[in-house]
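Just below is one structure, and these are the notes that go with it.
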Amino acid sequence: MKINPQSFFNFCASHTYLLRKLAEHDGEISEFETIRLVRSNPAIEELPETTWRRLRELQILVPTEPGSEFYLMAEPVARLLAYLANEANAATPEMIRGYVSSLEITTKRLDRSLDDQDTQQVALAFDEISQTLRRIYADLNETQHAILTEVARYKTERSRVSVRQKYQRIVHWMERYVEPMIEIVRADGPLRAAFEETERLLHRAREEALFNDHPALARNLRFLRLVGVHALRVFTQCRKEIQPLYESLRRSSFIAEGAARALEKLQAEGLAKWGSQYLIGIAMERYQNVPSDAAITLALRRIIEYSPEAPPFLEFTTEKENPLALLRLRWLDSLPDAVRSIVPLADLLGWLVNTYPERDTSEIVAAFGLLVFHRDFQATFIDESQHTYATHDGEITASPLILAST
Amino acid sequence: MSELPHLASIFDRLRRGYHLGPDDEQFSALCERYDDYARYFDALGLKLVRHPREFFYFEPDNPETVPDTLPRIAAFSYIIVDHAANQGRPIEEFIFDQSFLITALPHLSMDRYAALLRDVEVFDMGHINTLLNQMERIGWIRRIGEDEFRFLRPFHRVLSKCLEITQSAQTAQATANPPVET
């Protein structure tokens, strides 16, 4: 016997924690890492070097290639540990397709053997078919278990993993396992076709009396039907389990993406360029341009109290004399030229009143303002007591002002 | 048509931007005779919208006119959605299945969110409270006492907007990178 079962299980029993750690380690592991693991999980009364040696002797760890310093946990041990820990690894669609191909090749060989009436080959093909079916069945169960565990984990997990990450993970399960697997196992898929062909050949073997173990034959036929139905049921159930979660996470993920995009835009470009695309419009109907009660009352009163009156009379004939306003404007316009030849003036207001005694107060003040602010002249107040200047229609009290040219 | 119940109060609330949901007394009347109300308001040039999640509001007349409150409400809402997404729970469950303590909101306690709010001129808890009052006036939240509030069903308008943004981004991406035919 290659490995003594007693030694193997005794070792496993006293090193369960170490084996668990080795099983959790993904991929190959070096001698150094293994010894570190051994030291951190010491067994009672055993040197780490002894543990390391026993791990190799019992073929729990096997080299990745002959002479390599890197090791892998032996596949049967890994499967045994997964089985003991009730852990399941999902079968990939490629694995199931591999089984289907294997079944197809075996059925072809069975077909040929039946043609040749080679009972030895028929028996071998029969055994191979049995093994393949059992593997398919076991892998299907394991896949279902893995998917349901994953779904349950999502439903109960309250860790702070964002919904977008969760969605990506569930999409992975959906797209990697469930959907492609349903394609394989559905009623018109390759698995069912391979099974039907196998069933036909098994019937033929029985009819042609080339395989005489009738109970085994009947068992295989039953198993074929069972696996076919089971496969479809397993993945339909998985899809039913995973679909609501998928939809919910998909929706949440899209909502989260929308909010993140909106905030990113605000952060990057500020409010001015955020744009109405990201705003949620809200009706804000306001009464605009609607007259108030007071305005309506006023309008009505104006209508009621309106009494017609004749329109103003407009004189369309040419006036004989220049209008007074025009004359006044012309006088004002002539003042700068009149003053320019006699500046500087020691008392501008006095000069205006004396030179134009016929002008009234408003005209004198207008002339004073025009000359004071004219660009050609500069006005300077002098610190003298106020004078009173008599005009045509009144008097003005002011301090004298000197006007000079600029 | 003249016998439409609660017509005046429905009109009065909807025209001010309120969203009528199951918590409002006029809701059942609107549910039962939505078509009649929609026709009535249509004649006045107002479009009564029935959201797929069952609440009602007037379609905004002129979306180009943006009151100051809209960007603030939008930024506040996107932040709560972003925060919900980071908690790892389905967003709708997070938002609608619990009440929120105003002091425990992430809006001002996280630097990134506070900076975003500054862009829309929301600087402190006083501004947050004003914002919440505005959201209560349009029927998106209900205050529970001074320090707590719940999101109401019409807050789904924000979630619908998020989906719309994602969809248009994906459409734009698909247009920019069409699938290569082999």
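Labels used: A, B, ... for chains in the order of the structure tokens, numbers from 1 for residues in each chain, and numbers from 1 for ligands as shown.
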What lies within 9 Å of range 110-117 of chain B using only C-alpha atoms, ignoring chain neighbours under 3 positions off, as a VMD selection string?
(chain A and resid 263 266 to 267 270) or (chain B and resid 72 75 to 76 79 106 to 107 120 to 124)
Print the selection's residues with C-alpha atoms to a file, as a PDB file, in the first residue's frame.
ATOM      1  CA  LEU A 263     -21.069  63.858  -7.558  1.00  0.00           C
ATOM      2  CA  LEU A 266     -19.927  68.384  -9.377  1.00  0.00           C
ATOM      3  CA  GLN A 267     -16.522  67.817  -7.826  1.00  0.00           C
ATOM      4  CA  GLY A 270     -18.249  72.873  -9.940  1.00  0.00           C
TER       5      GLY A 270
ATOM      6  CA  ARG B  72     -28.646  71.736  -2.998  1.00  0.00           C
ATOM      7  CA  ALA B  75     -26.234  67.218  -3.991  1.00  0.00           C
ATOM      8  CA  PHE B  76     -27.640  66.265  -0.586  1.00  0.00           C
ATOM      9  CA  ILE B  79     -24.503  62.045  -1.152  1.00  0.00           C
ATOM     10  CA  PRO B 106     -22.354  61.775   6.726  1.00  0.00           C
ATOM     11  CA  HIS B 107     -22.796  65.040   4.814  1.00  0.00           C
ATOM     12  CA  VAL B 120     -23.720  74.341  -3.522  1.00  0.00           C
ATOM     13  CA  GLU B 121     -23.330  76.760  -0.611  1.00  0.00           C
ATOM     14  CA  VAL B 122     -24.289  74.422   2.179  1.00  0.00           C
ATOM     15  CA  PHE B 123     -21.804  75.021   4.951  1.00  0.00           C
ATOM     16  CA  ASP B 124     -23.195  73.962   8.306  1.00  0.00           C
TER      17      ASP B 124
END
If you count only C-alpha atoms, which residues fall within 12 Å of Tyr78 in chain B, apart from same-chain ones fewer than 5 positions away, as an MDAnalysis selection string?
(chainID A and resid 255:266 278:280) or (chainID B and resid 71:73 83:85 91 95 106:107 113 116:117 155:163 165)
Filtering to C-alpha atoms, could you give me those residues as a PDB file, in the first residue's frame?
ATOM      1  CA  ILE A 255     -28.286  53.737  -8.700  1.00  0.00           C
ATOM      2  CA  ALA A 256     -24.938  54.015  -6.949  1.00  0.00           C
ATOM      3  CA  GLU A 257     -23.164  54.555 -10.252  1.00  0.00           C
ATOM      4  CA  GLY A 258     -25.568  57.367 -11.195  1.00  0.00           C
ATOM      5  CA  ALA A 259     -25.063  59.157  -7.869  1.00  0.00           C
ATOM      6  CA  ALA A 260     -21.303  58.705  -8.089  1.00  0.00           C
ATOM      7  CA  ARG A 261     -21.245  60.134 -11.617  1.00  0.00           C
ATOM      8  CA  ALA A 262     -23.316  63.151 -10.546  1.00  0.00           C
ATOM      9  CA  LEU A 263     -21.069  63.858  -7.558  1.00  0.00           C
ATOM     10  CA  GLU A 264     -17.929  63.335  -9.614  1.00  0.00           C
ATOM     11  CA  LYS A 265     -19.148  65.888 -12.140  1.00  0.00           C
ATOM     12  CA  LEU A 266     -19.927  68.384  -9.377  1.00  0.00           C
ATOM     13  CA  TYR A 278     -28.196  66.153 -12.763  1.00  0.00           C
ATOM     14  CA  LEU A 279     -31.022  68.083 -11.149  1.00  0.00           C
ATOM     15  CA  ILE A 280     -34.401  66.688 -10.259  1.00  0.00           C
TER      16      ILE A 280
ATOM     17  CA  PRO B  71     -28.759  71.868  -6.793  1.00  0.00           C
ATOM     18  CA  ARG B  72     -28.646  71.736  -2.998  1.00  0.00           C
ATOM     19  CA  ILE B  73     -31.350  69.111  -2.789  1.00  0.00           C
ATOM     20  CA  HIS B  83     -23.115  56.751   1.386  1.00  0.00           C
ATOM     21  CA  ALA B  84     -25.784  54.012   1.223  1.00  0.00           C
ATOM     22  CA  ALA B  85     -23.866  52.270  -1.567  1.00  0.00           C
ATOM     23  CA  ILE B  91     -29.728  51.139  -1.483  1.00  0.00           C
ATOM     24  CA  ILE B  95     -32.776  54.588   2.568  1.00  0.00           C
ATOM     25  CA  PRO B 106     -22.354  61.775   6.726  1.00  0.00           C
ATOM     26  CA  HIS B 107     -22.796  65.040   4.814  1.00  0.00           C
ATOM     27  CA  TYR B 113     -19.032  65.247   1.084  1.00  0.00           C
ATOM     28  CA  LEU B 116     -19.205  68.917  -2.402  1.00  0.00           C
ATOM     29  CA  LEU B 117     -21.812  70.651  -0.277  1.00  0.00           C
ATOM     30  CA  PHE B 155     -37.546  60.184  -2.792  1.00  0.00           C
ATOM     31  CA  HIS B 156     -37.621  57.508  -5.492  1.00  0.00           C
ATOM     32  CA  ARG B 157     -37.377  60.428  -7.907  1.00  0.00           C
ATOM     33  CA  VAL B 158     -33.716  60.726  -6.926  1.00  0.00           C
ATOM     34  CA  LEU B 159     -33.139  57.014  -7.467  1.00  0.00           C
ATOM     35  CA  SER B 160     -34.866  57.209 -10.852  1.00  0.00           C
ATOM     36  CA  LYS B 161     -32.595  60.109 -11.747  1.00  0.00           C
ATOM     37  CA  CYS B 162     -29.539  58.052 -10.743  1.00  0.00           C
ATOM     38  CA  LEU B 163     -30.672  55.213 -13.011  1.00  0.00           C
ATOM     39  CA  ILE B 165     -27.735  59.118 -15.428  1.00  0.00           C
TER      40      ILE B 165
END
Would you please give, as JSON, numbers by chain, all residues of range 29-84 of chain B that DSSP assigns to helix (DSSP H, G or I) based on the backbone?
{"B": [29, 30, 31, 32, 34, 35, 36, 37, 38, 39, 40, 41, 42, 43, 69, 70, 71, 72, 73, 74, 75, 76, 77, 78, 79, 80, 81, 82, 83, 84]}
Could you check how far CA of Glu179 in chain A sits from CA of Asp139 in chain A, in Å to one decimal?
16.3 Å
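Considering the residues B:Val49, B:Leu101, B:Ala29, B:Met125 and counting only C-alpha atoms, chain A has its shortest atom-to-atom contact with B:Val49.
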Who sits within 12 Å of Leu132 in chain B, only C-alpha atoms, same chain under 4 positions skipped, as a ChimeraX atom specification:
/B:69,72-74,76-77,100-102,105,122,125-128,136-144,146-151
Now that the selection is made, can you save its residues with N, CA and C atoms as a PDB file, in the first residue's frame?
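File selection-v7.pdb, as written:
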ATOM      1  N   THR B  69     -32.536  76.146  -4.768  1.00  0.00           N
ATOM      2  CA  THR B  69     -32.713  74.972  -3.899  1.00  0.00           C
ATOM      3  C   THR B  69     -32.431  73.660  -4.622  1.00  0.00           C
ATOM      4  N   ARG B  72     -28.934  72.135  -4.383  1.00  0.00           N
ATOM      5  CA  ARG B  72     -28.646  71.736  -2.998  1.00  0.00           C
ATOM      6  C   ARG B  72     -29.350  70.427  -2.673  1.00  0.00           C
ATOM      7  N   ILE B  73     -30.610  70.351  -3.067  1.00  0.00           N
ATOM      8  CA  ILE B  73     -31.350  69.111  -2.789  1.00  0.00           C
ATOM      9  C   ILE B  73     -30.701  67.948  -3.540  1.00  0.00           C
ATOM     10  N   ALA B  74     -30.308  68.202  -4.785  1.00  0.00           N
ATOM     11  CA  ALA B  74     -29.696  67.130  -5.592  1.00  0.00           C
ATOM     12  C   ALA B  74     -28.390  66.664  -4.955  1.00  0.00           C
ATOM     13  N   PHE B  76     -27.351  66.947  -1.859  1.00  0.00           N
ATOM     14  CA  PHE B  76     -27.640  66.265  -0.586  1.00  0.00           C
ATOM     15  C   PHE B  76     -28.103  64.830  -0.859  1.00  0.00           C
ATOM     16  N   SER B  77     -28.990  64.684  -1.839  1.00  0.00           N
ATOM     17  CA  SER B  77     -29.578  63.367  -2.119  1.00  0.00           C
ATOM     18  C   SER B  77     -28.551  62.411  -2.706  1.00  0.00           C
ATOM     19  N   PHE B 100     -33.208  58.564  10.084  1.00  0.00           N
ATOM     20  CA  PHE B 100     -31.846  59.103  10.133  1.00  0.00           C
ATOM     21  C   PHE B 100     -31.751  60.203  11.195  1.00  0.00           C
ATOM     22  N   LEU B 101     -30.736  60.099  12.001  1.00  0.00           N
ATOM     23  CA  LEU B 101     -30.436  61.179  12.942  1.00  0.00           C
ATOM     24  C   LEU B 101     -29.705  62.274  12.175  1.00  0.00           C
ATOM     25  N   ILE B 102     -30.190  63.491  12.304  1.00  0.00           N
ATOM     26  CA  ILE B 102     -29.582  64.574  11.514  1.00  0.00           C
ATOM     27  C   ILE B 102     -28.103  64.752  11.887  1.00  0.00           C
ATOM     28  N   LEU B 105     -25.693  62.282  10.134  1.00  0.00           N
ATOM     29  CA  LEU B 105     -25.589  62.240   8.668  1.00  0.00           C
ATOM     30  C   LEU B 105     -24.121  62.369   8.237  1.00  0.00           C
ATOM     31  N   VAL B 122     -23.775  74.992   0.926  1.00  0.00           N
ATOM     32  CA  VAL B 122     -24.289  74.422   2.179  1.00  0.00           C
ATOM     33  C   VAL B 122     -23.069  74.230   3.074  1.00  0.00           C
ATOM     34  N   MET B 125     -24.699  72.891   9.829  1.00  0.00           N
ATOM     35  CA  MET B 125     -25.899  72.155  10.204  1.00  0.00           C
ATOM     36  C   MET B 125     -27.162  73.001  10.005  1.00  0.00           C
ATOM     37  N   GLY B 126     -27.014  74.303  10.162  1.00  0.00           N
ATOM     38  CA  GLY B 126     -28.158  75.191   9.942  1.00  0.00           C
ATOM     39  C   GLY B 126     -28.647  75.083   8.499  1.00  0.00           C
ATOM     40  N   HIS B 127     -27.690  75.057   7.572  1.00  0.00           N
ATOM     41  CA  HIS B 127     -28.056  74.931   6.160  1.00  0.00           C
ATOM     42  C   HIS B 127     -28.677  73.560   5.883  1.00  0.00           C
ATOM     43  N   ILE B 128     -28.131  72.536   6.542  1.00  0.00           N
ATOM     44  CA  ILE B 128     -28.686  71.183   6.351  1.00  0.00           C
ATOM     45  C   ILE B 128     -30.143  71.165   6.828  1.00  0.00           C
ATOM     46  N   GLU B 136     -38.915  68.519   3.084  1.00  0.00           N
ATOM     47  CA  GLU B 136     -40.192  68.158   3.719  1.00  0.00           C
ATOM     48  C   GLU B 136     -41.344  68.874   3.003  1.00  0.00           C
ATOM     49  N   ARG B 137     -41.087  70.104   2.580  1.00  0.00           N
ATOM     50  CA  ARG B 137     -42.136  70.860   1.886  1.00  0.00           C
ATOM     51  C   ARG B 137     -42.507  70.220   0.550  1.00  0.00           C
ATOM     52  N   ILE B 138     -41.585  69.519  -0.068  1.00  0.00           N
ATOM     53  CA  ILE B 138     -41.936  68.874  -1.343  1.00  0.00           C
ATOM     54  C   ILE B 138     -42.308  67.392  -1.143  1.00  0.00           C
ATOM     55  N   GLY B 139     -42.365  66.975   0.099  1.00  0.00           N
ATOM     56  CA  GLY B 139     -42.884  65.634   0.394  1.00  0.00           C
ATOM     57  C   GLY B 139     -41.874  64.518   0.210  1.00  0.00           C
ATOM     58  N   TRP B 140     -40.581  64.819   0.307  1.00  0.00           N
ATOM     59  CA  TRP B 140     -39.561  63.767   0.143  1.00  0.00           C
ATOM     60  C   TRP B 140     -39.140  63.163   1.476  1.00  0.00           C
ATOM     61  N   ILE B 141     -39.279  63.941   2.533  1.00  0.00           N
ATOM     62  CA  ILE B 141     -38.930  63.407   3.856  1.00  0.00           C
ATOM     63  C   ILE B 141     -40.028  63.778   4.845  1.00  0.00           C
ATOM     64  N   ARG B 142     -40.002  63.119   5.982  1.00  0.00           N
ATOM     65  CA  ARG B 142     -40.877  63.537   7.094  1.00  0.00           C
ATOM     66  C   ARG B 142     -40.030  63.596   8.343  1.00  0.00           C
ATOM     67  N   ARG B 143     -40.105  64.716   9.022  1.00  0.00           N
ATOM     68  CA  ARG B 143     -39.338  64.853  10.262  1.00  0.00           C
ATOM     69  C   ARG B 143     -40.016  64.089  11.383  1.00  0.00           C
ATOM     70  N   ILE B 144     -39.191  63.486  12.206  1.00  0.00           N
ATOM     71  CA  ILE B 144     -39.699  62.813  13.395  1.00  0.00           C
ATOM     72  C   ILE B 144     -39.042  63.546  14.560  1.00  0.00           C
ATOM     73  N   GLU B 146     -37.269  66.766  16.425  1.00  0.00           N
ATOM     74  CA  GLU B 146     -36.329  67.808  16.000  1.00  0.00           C
ATOM     75  C   GLU B 146     -35.121  67.230  15.261  1.00  0.00           C
ATOM     76  N   ASP B 147     -34.682  66.041  15.697  1.00  0.00           N
ATOM     77  CA  ASP B 147     -33.363  65.567  15.270  1.00  0.00           C
ATOM     78  C   ASP B 147     -33.394  64.407  14.297  1.00  0.00           C
ATOM     79  N   GLU B 148     -34.554  63.984  13.888  1.00  0.00           N
ATOM     80  CA  GLU B 148     -34.632  62.748  13.122  1.00  0.00           C
ATOM     81  C   GLU B 148     -35.577  62.930  11.935  1.00  0.00           C
ATOM     82  N   PHE B 149     -35.367  62.154  10.912  1.00  0.00           N
ATOM     83  CA  PHE B 149     -36.290  62.194   9.770  1.00  0.00           C
ATOM     84  C   PHE B 149     -36.271  60.861   9.041  1.00  0.00           C
ATOM     85  N   ARG B 150     -37.281  60.674   8.219  1.00  0.00           N
ATOM     86  CA  ARG B 150     -37.366  59.470   7.374  1.00  0.00           C
ATOM     87  C   ARG B 150     -37.527  59.914   5.931  1.00  0.00           C
ATOM     88  N   PHE B 151     -37.006  59.116   5.023  1.00  0.00           N
ATOM     89  CA  PHE B 151     -37.256  59.395   3.612  1.00  0.00           C
ATOM     90  C   PHE B 151     -38.617  58.820   3.230  1.00  0.00           C
TER      91      PHE B 151
END
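Around Thr92 in chain A, within 12 Å and counting only C-alpha atoms, the residues found are A:Gly98, A:Tyr99, A:Ile136, A:Asp139, A:Leu140, A:Glu142, A:Thr143, A:Gln144, A:Ala146, A:Ile147, A:His172, A:Trp173, A:Met174, A:Glu175, A:Arg176, A:Tyr177, A:Val178, A:Glu179, A:Pro180, A:Met181, A:Ile182, A:Ile184, once anything fewer than 6 positions away on its own chain is removed.
CA of Asp393 in chain A sits 9.7 Å away from CA of Pro357 in chain A.
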As a ChimeraX atom specification, which residues of chain B does DSSP assign to strand (DSSP E or B)?
/B:20,48-51,55-58,99-101,141-144,148-151
What are the residues of chain A lining chain B at 12 Å or less? Count only C-alpha atoms, and put the answer as a PDB file with C-alpha atoms, in the first residue's frame.
ATOM      1  CA  TYR A 154     -24.694  37.882   0.359  1.00  0.00           C
ATOM      2  CA  LYS A 155     -28.040  37.907   2.089  1.00  0.00           C
ATOM      3  CA  THR A 156     -26.627  37.791   5.594  1.00  0.00           C
ATOM      4  CA  GLU A 157     -23.351  39.625   5.135  1.00  0.00           C
ATOM      5  CA  ARG A 158     -23.433  43.086   6.595  1.00  0.00           C
ATOM      6  CA  SER A 159     -19.832  43.951   5.926  1.00  0.00           C
ATOM      7  CA  ARG A 160     -18.988  47.284   4.390  1.00  0.00           C
ATOM      8  CA  VAL A 161     -18.412  46.052   0.889  1.00  0.00           C
ATOM      9  CA  SER A 162     -19.978  48.468  -1.553  1.00  0.00           C
ATOM     10  CA  VAL A 163     -23.003  47.313  -3.512  1.00  0.00           C
ATOM     11  CA  ARG A 164     -21.115  47.817  -6.745  1.00  0.00           C
ATOM     12  CA  GLN A 165     -18.457  45.336  -5.654  1.00  0.00           C
ATOM     13  CA  LYS A 166     -21.115  42.895  -4.478  1.00  0.00           C
ATOM     14  CA  TYR A 167     -22.888  43.245  -7.790  1.00  0.00           C
ATOM     15  CA  PRO A 244     -33.636  38.190  -7.224  1.00  0.00           C
ATOM     16  CA  LEU A 245     -30.324  38.980  -5.576  1.00  0.00           C
ATOM     17  CA  TYR A 246     -28.803  39.688  -8.967  1.00  0.00           C
ATOM     18  CA  GLU A 247     -31.686  42.015  -9.895  1.00  0.00           C
ATOM     19  CA  SER A 248     -31.583  43.810  -6.564  1.00  0.00           C
ATOM     20  CA  LEU A 249     -27.824  44.308  -6.654  1.00  0.00           C
ATOM     21  CA  ARG A 250     -27.943  45.280 -10.299  1.00  0.00           C
ATOM     22  CA  ARG A 251     -30.465  48.018  -9.548  1.00  0.00           C
ATOM     23  CA  SER A 252     -28.545  49.196  -6.489  1.00  0.00           C
ATOM     24  CA  SER A 253     -25.315  49.185  -8.421  1.00  0.00           C
ATOM     25  CA  PHE A 254     -26.803  51.291 -11.217  1.00  0.00           C
ATOM     26  CA  ILE A 255     -28.286  53.737  -8.700  1.00  0.00           C
ATOM     27  CA  ALA A 256     -24.938  54.015  -6.949  1.00  0.00           C
ATOM     28  CA  GLU A 257     -23.164  54.555 -10.252  1.00  0.00           C
ATOM     29  CA  GLY A 258     -25.568  57.367 -11.195  1.00  0.00           C
ATOM     30  CA  ALA A 259     -25.063  59.157  -7.869  1.00  0.00           C
ATOM     31  CA  ALA A 260     -21.303  58.705  -8.089  1.00  0.00           C
ATOM     32  CA  ARG A 261     -21.245  60.134 -11.617  1.00  0.00           C
ATOM     33  CA  ALA A 262     -23.316  63.151 -10.546  1.00  0.00           C
ATOM     34  CA  LEU A 263     -21.069  63.858  -7.558  1.00  0.00           C
ATOM     35  CA  GLU A 264     -17.929  63.335  -9.614  1.00  0.00           C
ATOM     36  CA  LYS A 265     -19.148  65.888 -12.140  1.00  0.00           C
ATOM     37  CA  LEU A 266     -19.927  68.384  -9.377  1.00  0.00           C
ATOM     38  CA  GLN A 267     -16.522  67.817  -7.826  1.00  0.00           C
ATOM     39  CA  ALA A 268     -14.660  68.119 -11.117  1.00  0.00           C
ATOM     40  CA  GLU A 269     -16.440  71.045 -12.721  1.00  0.00           C
ATOM     41  CA  GLY A 270     -18.249  72.873  -9.940  1.00  0.00           C
ATOM     42  CA  LEU A 271     -21.817  74.040  -9.729  1.00  0.00           C
ATOM     43  CA  ALA A 272     -21.599  76.422 -12.699  1.00  0.00           C
ATOM     44  CA  LYS A 273     -21.005  73.546 -15.116  1.00  0.00           C
ATOM     45  CA  TRP A 274     -23.005  70.902 -13.300  1.00  0.00           C
ATOM     46  CA  GLY A 275     -25.930  71.423 -15.635  1.00  0.00           C
ATOM     47  CA  SER A 276     -29.602  70.640 -15.304  1.00  0.00           C
ATOM     48  CA  GLN A 277     -28.950  67.034 -16.376  1.00  0.00           C
ATOM     49  CA  TYR A 278     -28.196  66.153 -12.763  1.00  0.00           C
ATOM     50  CA  LEU A 279     -31.022  68.083 -11.149  1.00  0.00           C
ATOM     51  CA  ILE A 280     -34.401  66.688 -10.259  1.00  0.00           C
ATOM     52  CA  GLY A 281     -37.002  69.107 -11.577  1.00  0.00           C
ATOM     53  CA  ILE A 282     -39.753  70.173  -9.218  1.00  0.00           C
ATOM     54  CA  ALA A 283     -42.897  72.054 -10.209  1.00  0.00           C
ATOM     55  CA  MET A 284     -42.865  75.528  -8.743  1.00  0.00           C
ATOM     56  CA  GLU A 285     -45.961  77.139 -10.213  1.00  0.00           C
ATOM     57  CA  ARG A 286     -46.159  80.747  -9.177  1.00  0.00           C
ATOM     58  CA  TYR A 287     -48.859  83.246 -10.071  1.00  0.00           C
TER      59      TYR A 287
END
Write out as JSON, numbers by chain the residues lying within 12 Å of Glu24 in chain A, counting only C-alpha atoms and excluding same-chain residues fewer than 4 positions away.
{"A": [17, 18, 19, 20, 28, 29, 37, 72, 73, 78, 81, 82, 85, 87]}
Requested write-out: N, CA and C atoms of the selected residues, as an mmCIF file, in the first residue's frame:
data_model
loop_
_atom_site.group_PDB
_atom_site.id
_atom_site.type_symbol
_atom_site.label_atom_id
_atom_site.label_comp_id
_atom_site.auth_asym_id
_atom_site.auth_seq_id
_atom_site.Cartn_x
_atom_site.Cartn_y
_atom_site.Cartn_z
ATOM 1 N N TYR A 17 -5.421 21.690 12.672
ATOM 2 C CA TYR A 17 -5.340 23.141 12.469
ATOM 3 C C TYR A 17 -4.347 23.474 11.352
ATOM 4 N N LEU A 18 -3.202 22.755 11.372
ATOM 5 C CA LEU A 18 -2.187 22.981 10.344
ATOM 6 C C LEU A 18 -2.734 22.616 8.958
ATOM 7 N N LEU A 19 -3.444 21.486 8.891
ATOM 8 C CA LEU A 19 -3.990 21.055 7.596
ATOM 9 C C LEU A 19 -4.997 22.073 7.072
ATOM 10 N N ARG A 20 -5.750 22.609 7.985
ATOM 11 C CA ARG A 20 -6.748 23.615 7.609
ATOM 12 C C ARG A 20 -6.051 24.846 7.009
ATOM 13 N N GLU A 28 0.683 27.311 -4.849
ATOM 14 C CA GLU A 28 1.846 26.577 -4.349
ATOM 15 C C GLU A 28 2.413 27.238 -3.093
ATOM 16 N N ILE A 29 3.119 26.402 -2.321
ATOM 17 C CA ILE A 29 3.670 26.904 -1.072
ATOM 18 C C ILE A 29 5.122 26.431 -0.968
ATOM 19 N N LEU A 37 4.454 28.013 8.882
ATOM 20 C CA LEU A 37 3.091 27.628 9.298
ATOM 21 C C LEU A 37 3.135 26.575 10.406
ATOM 22 N N LEU A 72 2.302 21.624 -3.434
ATOM 23 C CA LEU A 72 0.846 21.824 -3.481
ATOM 24 C C LEU A 72 0.218 20.799 -2.561
ATOM 25 N N MET A 73 -0.952 21.133 -2.030
ATOM 26 C CA MET A 73 -1.660 20.114 -1.261
ATOM 27 C C MET A 73 -2.200 19.086 -2.250
ATOM 28 N N ALA A 78 -7.018 17.587 -0.439
ATOM 29 C CA ALA A 78 -7.779 18.833 -0.494
ATOM 30 C C ALA A 78 -9.270 18.549 -0.573
ATOM 31 N N LEU A 81 -10.524 17.284 2.795
ATOM 32 C CA LEU A 81 -10.668 18.364 3.776
ATOM 33 C C LEU A 81 -11.889 19.219 3.466
ATOM 34 N N ALA A 82 -12.101 19.500 2.173
ATOM 35 C CA ALA A 82 -13.274 20.282 1.785
ATOM 36 C C ALA A 82 -14.546 19.532 2.165
ATOM 37 N N ALA A 85 -15.027 19.746 5.900
ATOM 38 C CA ALA A 85 -15.404 21.093 6.346
ATOM 39 C C ALA A 85 -16.713 21.559 5.719
ATOM 40 N N GLU A 87 -17.290 22.253 2.741
ATOM 41 C CA GLU A 87 -17.039 23.320 1.791
ATOM 42 C C GLU A 87 -17.225 22.757 0.389
#
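Of note, CA of Leu84 in chain A and CA of Asn10 in chain A are spaced 15.6 Å apart.
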